[in-house]
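For reference, the structure is listed below as C-alpha cells.
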Amino acid sequence: MVVALIIACEVGFWVLLAIGLLLRYVANMPKASTAVLLCEPLLELVLFVTTVIDLRNGAEPDWKHGLAAVYIGYSAALGHSTIKWVDARVAHRFFGGPPPVKPAKYGAAKTLHEWKTAGRWVLAAVIAIALLQGAIWYVGDDGEIGSLRDWQTKMLFLIGINVLIALSYTLFPKRERSASSAR
C-alpha cells in the first residue's frame, strides 16, 4: 500500500502542478493557481500519516517505508524549486514569457549555484534521515530496523556526493575558455 501511495503522490504532484499552471496561464486566475500549488505539501502529509499508520498496525519496516521518507524529504526540499523550474519553462514555451534564467557556467556564480543545489539535496537528505530516525524510534529495538538504517546510510552518501561536487567547483572553478585556447 505504501508503494502505491508514493506513486499516487508523485502523480498527484504533477497533476496539481498542471492544474496550477493551467489556472495561472489559461484561466488567468493566479490566486487560484497559488492555492492549488499550496496543496502539494498535503500529498506528503498524507503519505507521512499513512506510513505511520502502517507501522503502527504492525507492518515490519522495510524499503517502502524508507522510500516514503526519502520521497517526503525530496518533495519538501526540492519541490518548490521544481515547481519554479517547470513554471518558467511553461511560461516561456507556451505563453510568451521571458526565457528561463540559465545558471551561470563559469566562475564564482557557477560555484554559488552548485552550493545552492547541494544545499537543497543536503536538506532533502537530512529531512529523510530525521524521518527515518523517527521511524526507528517508533518501531523500537524489537522491530527489524535494518532497512531503515540502510536508507539513512544512502542519504549520508547522497550528502557526501553533493558536497564533493560543490567543493570541486570551489577548489577547481570552471573558467571560460579564452579565444586563443578555444582553437
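Please note that chains go A, B, ... in the order of the C-alpha cells, that every chain numbers its residues from 1, and that ligands are numbered from 1 in the order shown.
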
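All residues of protein, DNA or RNA that reach within 12 Å of Thr170 of chain A, judged by only C-alpha atoms and not counting those fewer than 2 positions away in the chain, are Tyr106, Gly107, Ala108, Ala109, Lys110, Thr111, Leu112, His113, Glu114, Trp115, Val163, Leu164, Ile165, Ala166, Leu167, Ser168, Phe172, Pro173, Lys174 and Arg175 of chain A.
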
Go ahead and save the residues from that selection, with N, CA and C atoms, as a compact mmCIF listing (two decimals), in the first residue's frame.
```
# COMPACT_ATOMS: atom_id res chain seq x y z
N TYR A 106 30.32 29.65 -15.38
CA TYR A 106 31.71 29.83 -15.01
C TYR A 106 31.85 30.63 -13.72
N GLY A 107 33.00 30.51 -13.12
CA GLY A 107 33.42 31.36 -12.02
C GLY A 107 32.64 31.21 -10.73
N ALA A 108 32.67 32.28 -9.95
CA ALA A 108 32.05 32.28 -8.63
C ALA A 108 30.54 32.07 -8.70
N ALA A 109 29.91 32.59 -9.74
CA ALA A 109 28.46 32.41 -9.88
C ALA A 109 28.12 30.93 -10.08
N LYS A 110 28.92 30.21 -10.83
CA LYS A 110 28.71 28.77 -11.02
C LYS A 110 28.92 28.03 -9.70
N THR A 111 29.95 28.41 -8.97
CA THR A 111 30.23 27.80 -7.67
C THR A 111 29.07 28.01 -6.72
N LEU A 112 28.55 29.24 -6.68
CA LEU A 112 27.41 29.54 -5.81
C LEU A 112 26.20 28.71 -6.20
N HIS A 113 25.94 28.60 -7.49
CA HIS A 113 24.83 27.78 -7.97
C HIS A 113 24.98 26.33 -7.51
N GLU A 114 26.18 25.79 -7.62
CA GLU A 114 26.42 24.40 -7.22
C GLU A 114 26.23 24.21 -5.71
N TRP A 115 26.64 25.20 -4.92
CA TRP A 115 26.44 25.09 -3.47
C TRP A 115 24.96 25.19 -3.11
N VAL A 163 28.14 17.41 -1.56
CA VAL A 163 29.15 18.31 -1.00
C VAL A 163 30.44 18.21 -1.81
N LEU A 164 30.81 17.00 -2.21
CA LEU A 164 32.02 16.84 -3.03
C LEU A 164 31.90 17.56 -4.37
N ILE A 165 30.74 17.47 -5.00
CA ILE A 165 30.55 18.17 -6.27
C ILE A 165 30.68 19.68 -6.09
N ALA A 166 29.99 20.21 -5.08
CA ALA A 166 30.08 21.65 -4.83
C ALA A 166 31.50 22.06 -4.45
N LEU A 167 32.15 21.24 -3.64
CA LEU A 167 33.52 21.54 -3.24
C LEU A 167 34.47 21.53 -4.44
N SER A 168 34.21 20.63 -5.39
CA SER A 168 35.07 20.59 -6.58
C SER A 168 34.98 21.88 -7.38
N PHE A 172 38.25 23.94 -7.84
CA PHE A 172 38.63 23.97 -9.25
C PHE A 172 37.54 24.66 -10.06
N PRO A 173 37.41 25.98 -9.89
CA PRO A 173 36.33 26.68 -10.58
C PRO A 173 36.44 26.55 -12.10
N LYS A 174 35.30 26.36 -12.70
CA LYS A 174 35.25 26.24 -14.15
C LYS A 174 35.47 27.64 -14.73
N ARG A 175 36.44 27.72 -15.62
CA ARG A 175 36.77 29.01 -16.23
C ARG A 175 36.37 29.03 -17.69
```

DSSP helix (DSSP H, G or I) residues within segment 4-82 of chain A, as a PyMOL selection string
chain A and resi 4-25+30-37+40-56+63-82

Identify, on the basis of only C-alpha atoms, every residue whose closest approach to segment 32-47 of chain A does not exceed 8 Å; exclude the query and any residue fewer than 3 positions from it along the same chain; express the result as an MDAnalysis selection string.
chainID A and resid 2 5:6 9 12:13 16:17 19:24 29 50:51 68 72 75:76

Go through A:Pro103, A:Ala77, A:Ser147, A:Ala8 and flag the residue nearest Ala118 of chain A, using only C-alpha atoms for the distances.
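For Ala118 of chain A, the nearest of the candidates is A:Ala77.
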
Would you compute the distance between atom CA of Ala88 of chain A and atom CA of Asn28 of chain A? Give it in Å to one decimal.
15.9 Å
